[in-house]
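Trainee: Sharing a structure with you now.
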Amino acid sequence: MDISSVRNSGGTGVNCDYLGMMEDGGVGCFAVCDGSPSSDPGLGTAETVIDSFMEDFKATSDISGETVTEYFKNADEKLWGKTHESGGSEYKASAVLVLTDGNVVVSGHLGNCRMYYLSENYLQYITPDHSLAYLAHAEGKFRFPGIRKSRDRRKLTAYMGADPMCAAEVTEPIAVHKGDAVLICSDGFWEKVTERQVERTLKRSGSSSEWLRKMLRILKGRTPDDNYSAVTIIF
């Protein structure tokens, strides 16, 4: 696996995003989390989620939907524990997680962080956002690219730290072929880079770092006004 990553505060003074990457015995765990900006950034919401994912991965690196579901459940419980202890602060977040051994990929997410899966340089799958904008798209009110222009793209229908607790949406295992690629990212990233650009930059790149650099040039040329984080993987 060829892996690269970026985490940047964008046009804000603080960074509510956090990411994690870990490999053990040929199995990798990769995650991006976007803490709610309505929460105090000093609360470390995203760090809590990522640290929980990585701790669980150390304990059990099985690649299955059940494993991913358990990772999210454990992280959510830690957010709820912090919320109850805080006496008023709310710990809320979006997150996306990928487990892979290079033969299969299993992904889970809650909120509007995304996973893109590409094969032969073309998008095969994008995780559905848990947002009012995505619901409007699903109802046929506008095409998929219109999500990034919708005022409702950040109004979430499911997220970590919700009451009642939301279950993560988990993909079926995806069989990996040589040259396949994965992008996981926060909304500050995908709002500035279109699906076609994700494909084109991969096609013109010889490594995960080159692919990421090309997408970052596009993003930075569009004045990012939000935190942005991403992990790129080429098999």
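Ordered as shown in the structure tokens, chains take letters A, B, and onward, while each chain numbers its residues from 1 and ligands are numbered from 1 in the order shown.
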Taking the DSSP secondary structure from the backbone, can you list the residues of range 2-43 of chain A that are strand (DSSP E), as a VMD selection string?
Mentor: chain A and resid 2 to 8 17 to 24 27 to 35
Trainee: Tell me, which residues of range 17-171 of chain A carry DSSP alpha helix (DSSP H), written as a ChimeraX atom specification?
Mentor: /A:45-59,65-86,132-138
Trainee: Take the residues just selected and output them with C-alpha atoms as a JSON list (two decimals), in the first residue's frame.
Mentor:
[["chain", "number", "residue", "atom", "x", "y", "z"],
["A", 45, "THR", "CA", -13.59, 15.76, 19.94],
["A", 46, "ALA", "CA", -11.93, 14.46, 16.78],
["A", 47, "GLU", "CA", -8.85, 13.28, 18.68],
["A", 48, "THR", "CA", -11.08, 11.28, 21.03],
["A", 49, "VAL", "CA", -12.68, 9.46, 18.08],
["A", 50, "ILE", "CA", -9.42, 8.73, 16.26],
["A", 51, "ASP", "CA", -7.62, 7.60, 19.41],
["A", 52, "SER", "CA", -10.50, 5.23, 20.15],
["A", 53, "PHE", "CA", -10.36, 3.78, 16.61],
["A", 54, "MET", "CA", -6.61, 3.20, 16.85],
["A", 55, "GLU", "CA", -6.86, 1.63, 20.32],
["A", 56, "ASP", "CA", -9.51, -0.77, 19.05],
["A", 57, "PHE", "CA", -7.39, -1.60, 16.00],
["A", 58, "LYS", "CA", -4.48, -2.55, 18.25],
["A", 59, "ALA", "CA", -6.80, -4.88, 20.14],
["A", 65, "GLY", "CA", -18.38, -4.99, 9.05],
["A", 66, "GLU", "CA", -18.93, -6.12, 12.62],
["A", 67, "THR", "CA", -15.46, -4.88, 13.58],
["A", 68, "VAL", "CA", -16.06, -1.47, 12.02],
["A", 69, "THR", "CA", -19.46, -1.19, 13.72],
["A", 70, "GLU", "CA", -17.86, -1.94, 17.08],
["A", 71, "TYR", "CA", -15.11, 0.66, 16.52],
["A", 72, "PHE", "CA", -17.75, 3.35, 15.94],
["A", 73, "LYS", "CA", -19.86, 2.23, 18.89],
["A", 74, "ASN", "CA", -16.90, 2.38, 21.27],
["A", 75, "ALA", "CA", -15.82, 5.82, 20.04],
["A", 76, "ASP", "CA", -19.38, 7.11, 20.30],
["A", 77, "GLU", "CA", -19.62, 5.91, 23.90],
["A", 78, "LYS", "CA", -16.43, 7.81, 24.73],
["A", 79, "LEU", "CA", -17.90, 10.98, 23.24],
["A", 80, "TRP", "CA", -21.04, 10.50, 25.28],
["A", 81, "GLY", "CA", -18.98, 9.95, 28.40],
["A", 82, "LYS", "CA", -17.21, 13.27, 27.82],
["A", 83, "THR", "CA", -20.52, 15.03, 27.15],
["A", 84, "HIS", "CA", -22.00, 13.80, 30.44],
["A", 85, "GLU", "CA", -18.86, 14.72, 32.37],
["A", 86, "SER", "CA", -18.61, 18.20, 30.84],
["A", 132, "LEU", "CA", -30.16, 17.10, 4.35],
["A", 133, "ALA", "CA", -28.37, 17.97, 1.10],
["A", 134, "TYR", "CA", -27.77, 14.30, 0.31],
["A", 135, "LEU", "CA", -31.41, 13.49, 1.08],
["A", 136, "ALA", "CA", -32.50, 16.20, -1.38],
["A", 137, "HIS", "CA", -30.21, 14.69, -4.02],
["A", 138, "ALA", "CA", -31.58, 11.20, -3.32]]
Trainee: Return the single residue from A:Asp225, A:Glu199, A:Asp17, A:Asp101 that is closest to Cys185 in chain A, with distances computed using only C-alpha atoms.
Mentor: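 Ranking A:Asp225, A:Glu199, A:Asp17, A:Asp101 by distance to Cys185 in chain A, first place goes to A:Asp17.
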Trainee: So what do you get for CA of Ser4 in chain A versus CA of Ile234 in chain A, distance-wise?
Mentor: 9.2 Å
Trainee: A:Arg196, A:Lys203, A:Arg114, A:Arg222: which is nearest Thr127 in chain A, counting only C-alpha atoms?
Mentor: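 Between A:Arg196, A:Lys203, A:Arg114, A:Arg222, the residue approaching Thr127 in chain A most closely is A:Arg114.
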